[in-house]
$ cat structure34.csv   # CSV, C-alpha atoms and all ligand atoms
chain,number,residue,atom,x,y,z
A,1,MET,CA,85.3,0.4,111.5
A,2,LYS,CA,83.3,0.5,108.2
A,3,THR,CA,79.6,-0.3,108.6
A,4,SER,CA,78.1,-3.1,106.5
A,5,ASP,CA,75.8,-0.4,104.9
A,6,SER,CA,78.8,1.6,103.6
A,7,VAL,CA,80.4,-1.6,102.2
A,8,ILE,CA,77.1,-2.5,100.4
A,9,ASP,CA,76.8,1.0,99.0
A,10,TYR,CA,80.3,0.8,97.7
A,11,ILE,CA,79.8,-2.6,96.1
A,12,GLN,CA,76.6,-1.5,94.4
A,13,ALA,CA,78.2,1.7,93.1
A,14,LYS,CA,81.0,-0.5,91.6
A,15,GLY,CA,78.3,-2.5,89.8
A,16,GLU,CA,79.2,-5.7,91.6
A,17,ARG,CA,76.5,-8.3,92.1
A,18,LEU,CA,75.2,-8.5,95.6
A,19,THR,CA,74.0,-12.1,96.1
A,20,VAL,CA,72.4,-13.3,99.3
A,21,PRO,CA,75.6,-15.0,100.6
A,22,ARG,CA,77.6,-11.9,99.9
A,23,ARG,CA,75.1,-9.7,101.8
A,24,LEU,CA,75.0,-12.1,104.8
A,25,VAL,CA,78.8,-12.3,105.1
A,26,ILE,CA,79.1,-8.5,104.9
A,27,GLU,CA,76.4,-8.1,107.6
A,28,ALA,CA,78.2,-10.6,109.8
A,29,LEU,CA,81.5,-8.8,109.5
A,30,GLY,CA,79.8,-5.4,110.0
A,31,GLN,CA,78.1,-6.5,113.3
A,32,SER,CA,81.3,-7.5,115.0
A,33,HIS,CA,84.1,-5.3,116.2
A,34,GLU,CA,86.3,-8.3,116.4
A,35,HIS,CA,88.1,-10.2,113.7
A,36,LEU,CA,86.1,-13.3,112.7
A,37,THR,CA,87.2,-16.7,111.6
A,38,ILE,CA,85.1,-18.4,108.9
A,39,GLY,CA,83.5,-20.5,111.7
A,40,ASN,CA,82.6,-17.3,113.6
A,41,ILE,CA,81.0,-15.8,110.5
A,42,GLN,CA,78.9,-18.9,109.9
A,43,GLN,CA,77.8,-18.7,113.6
A,44,HIS,CA,76.7,-15.1,113.3
A,45,ILE,CA,74.7,-15.9,110.1
A,46,GLN,CA,73.0,-18.9,111.7
A,47,GLU,CA,72.1,-16.8,114.8
A,48,ASP,CA,70.4,-14.1,112.7
A,49,HIS,CA,69.0,-16.1,109.8
A,50,HIS,CA,68.1,-19.7,110.8
A,51,ASP,CA,67.3,-20.7,107.3
A,52,HIS,CA,70.7,-19.8,105.9
A,53,LEU,CA,73.6,-22.2,106.4
A,54,LEU,CA,76.5,-21.1,104.3
A,55,SER,CA,79.3,-23.7,103.6
A,56,ASP,CA,82.9,-23.0,104.4
A,57,THR,CA,83.6,-22.8,100.7
A,58,THR,CA,80.9,-20.2,100.1
A,59,VAL,CA,82.0,-18.0,103.0
A,60,TYR,CA,85.6,-18.4,101.9
A,61,ARG,CA,84.8,-17.4,98.3
A,62,VAL,CA,82.9,-14.3,99.4
A,63,LEU,CA,85.8,-13.3,101.7
A,64,GLN,CA,88.3,-13.6,98.8
A,65,TRP,CA,86.1,-11.5,96.6
A,66,LEU,CA,85.9,-8.8,99.4
A,67,LYS,CA,89.6,-9.0,99.9
A,68,GLU,CA,90.2,-8.4,96.2
A,69,LEU,CA,88.0,-5.3,96.4
A,70,GLY,CA,90.1,-4.1,99.3
A,71,LEU,CA,87.2,-4.2,101.7
A,72,VAL,CA,88.3,-7.0,103.9
A,73,SER,CA,91.7,-7.9,105.5
A,74,GLN,CA,92.8,-11.5,105.9
A,75,THR,CA,95.4,-12.3,108.6
A,76,ASP,CA,96.9,-15.5,110.0
A,77,MET,CA,96.7,-15.0,113.7
A,78,GLY,CA,98.5,-18.2,114.7
A,79,GLN,CA,96.5,-20.2,117.3
A,80,THR,CA,93.3,-18.3,116.6
A,81,GLY,CA,93.5,-19.2,112.9
A,82,THR,CA,92.9,-17.0,109.9
A,83,VAL,CA,90.7,-14.1,110.7
A,84,TYR,CA,88.8,-11.6,108.6
A,85,ALA,CA,87.7,-8.1,109.3
A,86,LEU,CA,86.2,-5.2,107.4
A,87,MET,CA,89.0,-2.7,106.7
A,88,SER,CA,89.0,-0.4,109.6
A,89,ASN,CA,89.9,3.2,109.5
A,90,PRO,CA,92.5,3.8,110.8
A,91,HIS,CA,94.2,0.5,110.1
A,92,HIS,CA,95.9,-1.4,112.9
A,93,HIS,CA,98.2,-4.4,113.2
A,94,HIS,CA,99.2,-7.0,115.8
A,95,LEU,CA,102.2,-8.4,117.6
A,96,ILE,CA,101.6,-12.0,118.6
A,97,CYS,CA,103.7,-13.9,121.1
A,98,LEU,CA,104.5,-17.4,120.0
A,99,THR,CA,105.0,-18.6,123.6
A,100,CYS,CA,102.0,-17.3,125.5
A,101,GLY,CA,99.7,-16.1,122.7
A,102,ALA,CA,99.5,-12.6,124.0
A,103,THR,CA,98.6,-10.0,121.3
A,104,ILE,CA,99.5,-6.3,121.3
A,105,THR,CA,97.7,-3.9,118.9
A,106,LEU,CA,99.9,-1.6,116.8
A,107,GLU,CA,99.0,1.8,115.3
A,108,ASP,CA,99.2,1.9,111.5
A,109,GLU,CA,101.5,5.0,111.7
A,110,LEU,CA,104.3,2.6,112.5
A,111,PHE,CA,104.2,1.4,108.9
A,112,THR,CA,104.2,4.8,107.2
A,113,PRO,CA,108.0,5.0,106.9
A,114,LEU,CA,108.1,1.5,105.5
A,115,ARG,CA,105.4,2.3,102.9
A,116,GLY,CA,107.3,5.4,102.0
A,117,GLN,CA,110.6,3.6,101.6
A,118,LEU,CA,109.1,0.8,99.6
A,119,LEU,CA,107.6,3.3,97.2
A,120,ARG,CA,110.8,5.3,97.0
A,121,ASP,CA,113.3,2.5,96.6
A,122,TYR,CA,111.2,-0.2,94.8
A,123,GLY,CA,108.4,1.9,93.2
A,124,PHE,CA,106.1,-0.5,95.0
A,125,GLU,CA,102.9,0.7,96.6
A,126,ALA,CA,102.5,-1.7,99.6
A,127,ARG,CA,99.1,-2.6,100.8
A,128,ILE,CA,99.7,-3.4,104.4
A,129,ASP,CA,96.1,-4.1,105.6
A,130,HIS,CA,96.4,-5.9,108.8
A,131,MET,CA,99.7,-7.4,109.8
A,132,ALA,CA,100.4,-10.1,112.4
A,133,ILE,CA,104.1,-10.0,113.5
A,134,TYR,CA,105.2,-13.0,115.5
A,135,GLY,CA,107.8,-13.2,118.2
A,136,GLN,CA,108.3,-13.1,121.9
A,137,CYS,CA,106.5,-10.7,124.2
A,138,ARG,CA,108.2,-8.8,127.0
A,139,ASN,CA,107.0,-11.2,129.8
A,140,CYS,CA,108.2,-14.3,127.9
A,141,LEU,CA,111.6,-12.7,127.2
A,142,ASN,CA,112.0,-11.7,130.8
A,143,ARG,CA,111.1,-15.2,132.0
A,144,LYS,CA,113.6,-16.7,129.6
A,145,SER,CA,116.5,-14.4,130.6
A,146,LYS,CA,116.0,-14.9,134.4
A,147,PRO,CA,114.7,-18.4,135.2
A,148,GLU,CA,113.0,-18.7,138.6
B,201,ZN,ZN,93.4,-6.6,114.1
B,202,ZN,ZN,104.5,-14.1,125.7
$ encode --input "structure34.csv" --output "structure tokens" --more "lines below"
Ligand SMILES: [Zn+2]
Ligand SMILES: [Zn+2]
Amino acid sequence: MKTSDSVIDYIQAKGERLTVPRRLVIEALGQSHEHLTIGNIQQHIQEDHHDHLLSDTTVYRVLQWLKELGLVSQTDMGQTGTVYALMSNPHHHHLICLTCGATITLEDELFTPLRGQLLRDYGFEARIDHMAIYGQCRNCLNRKSKPE
């Protein structure tokens, strides 16, 4: 997991402007080891800085800017909603069960062959930041195949 300080250093080295909302969003993301929704980010900021209430739109814009810089991943996690996280090292991904909502974390290595093949066959360098793959978990599959 990247720290907010390393992200801020990177942004300043790139000559990007670090406004107050940008800094607050980065700090909120850096504090948490979880993926955060926009609502979670607003909550974190309000807890730490009572005078700063950032609107949904402001937080969303900052997140899109961080995503373009390759610093933040954005993933639709189904029931949980869209979540954001500082790009972790190594990357990871999720399997999400559509029936019970269970999530399983995947190692990034699983996608190495896919990245290689996309580059070889399509000349395309895929940026697979943080994937959510939907389906049925083992428990739900078992329950379906042998009803009680
Ligand atoms: Zn994740
Ligand atoms: Zn399930």
$ closest_atom_pairs --input "structure34.csv" --of "chain A" --to "ligand ZN 201 (chain B)" --cutoff "9 Å" --atoms "only C-alpha atoms and all ligand atoms" --output "Markdown table"
| residue | atom | partner | partner_atom | distance |
| --- | --- | --- | --- | --- |
| A:Glu34 | CA | B:ZN201 | ZN | 7.7 |
| A:His35 | CA | B:ZN201 | ZN | 6.4 |
| A:Ser73 | CA | B:ZN201 | ZN | 8.9 |
| A:Thr75 | CA | B:ZN201 | ZN | 8.2 |
| A:Val83 | CA | B:ZN201 | ZN | 8.7 |
| A:Tyr84 | CA | B:ZN201 | ZN | 8.7 |
| A:Ala85 | CA | B:ZN201 | ZN | 7.6 |
| A:Ser88 | CA | B:ZN201 | ZN | 8.8 |
| A:His91 | CA | B:ZN201 | ZN | 8.2 |
| A:His92 | CA | B:ZN201 | ZN | 5.9 |
| A:His93 | CA | B:ZN201 | ZN | 5.4 |
| A:His94 | CA | B:ZN201 | ZN | 6.1 |
| A:Thr105 | CA | B:ZN201 | ZN | 7.0 |
| A:Leu106 | CA | B:ZN201 | ZN | 8.6 |
| A:His130 | CA | B:ZN201 | ZN | 6.1 |
| A:Met131 | CA | B:ZN201 | ZN | 7.7 |
| A:Ala132 | CA | B:ZN201 | ZN | 8.0 |
$ residues_near_ligand --input "structure34.csv" --ligand "ligand ZN 202 (chain B)" --cutoff "9 Å" --atoms "all atoms listed in the file" --output "list in words"
Ile96, Cys97, Leu98, Thr99, Cys100, Gly101, Ala102, Thr103, Gly135, Gln136, Cys137, Arg138, Asn139, Cys140 and Leu141 of chain A
$ atom_distance --input "structure34.csv" --atom1 "CA of Val62 in chain A" --atom2 "CA of Leu95 in chain A"
27.2 Å
$ residues_around --input "structure34.csv" --residues "range 38-49 of chain A" --least-positions-apart "3" --cutoff "10 Å" --atoms "only C-alpha atoms" --output "PyMOL selection string"
chain A and resi 21+24-29+31-32+35+52-60+63+81-84
$ write_last_selection --input "structure34.csv" --atoms "C-alpha atoms" --output "compact mmCIF listing (two decimals), in the coordinates of the input"
# COMPACT_ATOMS: atom_id res chain seq x y z
CA PRO A 21 75.60 -15.00 100.60
CA LEU A 24 75.00 -12.10 104.80
CA VAL A 25 78.80 -12.30 105.10
CA ILE A 26 79.10 -8.50 104.90
CA GLU A 27 76.40 -8.10 107.60
CA ALA A 28 78.20 -10.60 109.80
CA LEU A 29 81.50 -8.80 109.50
CA GLN A 31 78.10 -6.50 113.30
CA SER A 32 81.30 -7.50 115.00
CA HIS A 35 88.10 -10.20 113.70
CA HIS A 52 70.70 -19.80 105.90
CA LEU A 53 73.60 -22.20 106.40
CA LEU A 54 76.50 -21.10 104.30
CA SER A 55 79.30 -23.70 103.60
CA ASP A 56 82.90 -23.00 104.40
CA THR A 57 83.60 -22.80 100.70
CA THR A 58 80.90 -20.20 100.10
CA VAL A 59 82.00 -18.00 103.00
CA TYR A 60 85.60 -18.40 101.90
CA LEU A 63 85.80 -13.30 101.70
CA GLY A 81 93.50 -19.20 112.90
CA THR A 82 92.90 -17.00 109.90
CA VAL A 83 90.70 -14.10 110.70
CA TYR A 84 88.80 -11.60 108.60
$ residues_around --input "structure34.csv" --residues "Arg127 in chain A" --least-positions-apart "3" --cutoff "10 Å" --atoms "all atoms listed in the file" --output "ChimeraX atom specification"
/A:70,115,124,130
$ residues_around --input "structure34.csv" --residues "Val7 in chain A" --least-positions-apart "3" --cutoff "10 Å" --atoms "all atoms listed in the file" --output "PyMOL selection string"
chain A and resi 2-4+10-13+23+26-27+30+66+71-72+86-87
$ decode --input "structure34.csv" --residues "range 63-75 of chain A" --atoms "all heavy atoms" --output "CSV table (one decimal), in the first residue's frame"
chain,number,residue,atom,x,y,z
A,63,LEU,N,-10.8,12.2,-7.4
A,63,LEU,CA,-10.5,10.7,-7.6
A,63,LEU,C,-10.3,10.5,-9.1
A,63,LEU,O,-9.4,9.7,-9.4
A,63,LEU,CB,-11.7,9.9,-7.1
A,63,LEU,CG,-11.9,9.9,-5.6
A,63,LEU,CD1,-13.3,9.3,-5.2
A,63,LEU,CD2,-10.8,9.0,-4.9
A,64,GLN,N,-11.0,11.1,-10.0
A,64,GLN,CA,-10.8,10.9,-11.4
A,64,GLN,C,-9.4,11.4,-11.8
A,64,GLN,O,-8.7,10.8,-12.6
A,64,GLN,CB,-11.9,11.6,-12.2
A,64,GLN,CG,-13.3,11.1,-12.1
A,64,GLN,CD,-13.3,9.5,-12.2
A,64,GLN,OE1,-12.9,9.0,-13.2
A,64,GLN,NE2,-13.8,8.9,-11.2
A,65,TRP,N,-9.0,12.5,-11.2
A,65,TRP,CA,-7.7,13.1,-11.5
A,65,TRP,C,-6.6,12.1,-11.0
A,65,TRP,O,-5.6,11.8,-11.8
A,65,TRP,CB,-7.6,14.4,-10.8
A,65,TRP,CG,-6.2,15.1,-10.7
A,65,TRP,CD1,-5.5,15.6,-11.7
A,65,TRP,CD2,-5.4,15.2,-9.5
A,65,TRP,NE1,-4.3,16.1,-11.2
A,65,TRP,CE2,-4.2,15.8,-9.9
A,65,TRP,CE3,-5.6,14.8,-8.2
A,65,TRP,CZ2,-3.2,16.1,-8.9
A,65,TRP,CZ3,-4.6,15.1,-7.2
A,65,TRP,CH2,-3.5,15.8,-7.6
A,66,LEU,N,-6.8,11.5,-9.8
A,66,LEU,CA,-5.8,10.6,-9.3
A,66,LEU,C,-5.8,9.3,-10.2
A,66,LEU,O,-4.7,8.7,-10.3
A,66,LEU,CB,-6.1,10.2,-7.9
A,66,LEU,CG,-5.9,11.3,-6.8
A,66,LEU,CD1,-6.5,11.0,-5.5
A,66,LEU,CD2,-4.4,11.5,-6.6
A,67,LYS,N,-7.0,8.9,-10.7
A,67,LYS,CA,-7.1,7.7,-11.5
A,67,LYS,C,-6.3,8.0,-12.8
A,67,LYS,O,-5.5,7.1,-13.3
A,67,LYS,CB,-8.5,7.4,-11.8
A,67,LYS,CG,-8.8,6.0,-12.3
A,67,LYS,CD,-10.2,5.7,-12.5
A,67,LYS,CE,-10.6,6.1,-13.9
A,67,LYS,NZ,-12.0,5.7,-14.2
A,68,GLU,N,-6.4,9.1,-13.4
A,68,GLU,CA,-5.7,9.5,-14.6
A,68,GLU,C,-4.2,9.4,-14.4
A,68,GLU,O,-3.5,9.0,-15.3
A,68,GLU,CB,-6.1,10.8,-15.2
A,68,GLU,CG,-7.4,10.8,-16.0
A,68,GLU,CD,-8.0,12.2,-16.1
A,68,GLU,OE1,-7.3,13.2,-16.1
A,68,GLU,OE2,-9.3,12.2,-16.2
A,69,LEU,N,-3.8,9.8,-13.2
A,69,LEU,CA,-2.3,9.8,-12.9
A,69,LEU,C,-1.9,8.4,-12.6
A,69,LEU,O,-0.7,8.2,-12.4
A,69,LEU,CB,-2.0,10.7,-11.7
A,69,LEU,CG,-2.1,12.2,-11.9
A,69,LEU,CD1,-2.0,13.0,-10.6
A,69,LEU,CD2,-1.1,12.7,-12.9
A,70,GLY,N,-2.8,7.4,-12.6
A,70,GLY,CA,-2.4,6.0,-12.3
A,70,GLY,C,-2.2,5.8,-10.8
A,70,GLY,O,-1.5,4.8,-10.4
A,71,LEU,N,-2.7,6.7,-9.9
A,71,LEU,CA,-2.4,6.5,-8.5
A,71,LEU,C,-3.5,5.9,-7.7
A,71,LEU,O,-3.4,5.4,-6.6
A,71,LEU,CB,-2.1,7.9,-7.9
A,71,LEU,CG,-0.9,8.7,-8.4
A,71,LEU,CD1,-0.9,10.1,-8.0
A,71,LEU,CD2,0.4,7.9,-8.0
A,72,VAL,N,-4.7,5.9,-8.3
A,72,VAL,CA,-5.9,5.3,-7.6
A,72,VAL,C,-6.6,4.4,-8.6
A,72,VAL,O,-6.7,4.6,-9.8
A,72,VAL,CB,-6.8,6.5,-7.2
A,72,VAL,CG1,-8.2,6.1,-7.0
A,72,VAL,CG2,-6.3,7.1,-5.9
A,73,SER,N,-7.1,3.3,-8.0
A,73,SER,CA,-8.0,2.4,-8.8
A,73,SER,C,-9.4,2.7,-8.4
A,73,SER,O,-9.7,3.1,-7.3
A,73,SER,CB,-7.6,0.9,-8.5
A,73,SER,OG,-7.9,0.7,-7.1
A,74,GLN,N,-10.3,2.4,-9.4
A,74,GLN,CA,-11.7,2.6,-9.3
A,74,GLN,C,-12.4,1.3,-9.7
A,74,GLN,O,-12.2,0.8,-10.8
A,74,GLN,CB,-12.2,3.7,-10.2
A,74,GLN,CG,-13.7,3.9,-10.2
A,74,GLN,CD,-14.1,5.0,-11.2
A,74,GLN,OE1,-13.4,5.9,-11.5
A,74,GLN,NE2,-15.3,4.9,-11.7
A,75,THR,N,-13.2,0.7,-8.8
A,75,THR,CA,-13.8,-0.6,-9.1
A,75,THR,C,-15.2,-0.6,-8.6
A,75,THR,O,-15.5,-0.2,-7.5
A,75,THR,CB,-13.0,-1.7,-8.3
A,75,THR,OG1,-11.6,-1.5,-8.6
A,75,THR,CG2,-13.4,-3.1,-8.8
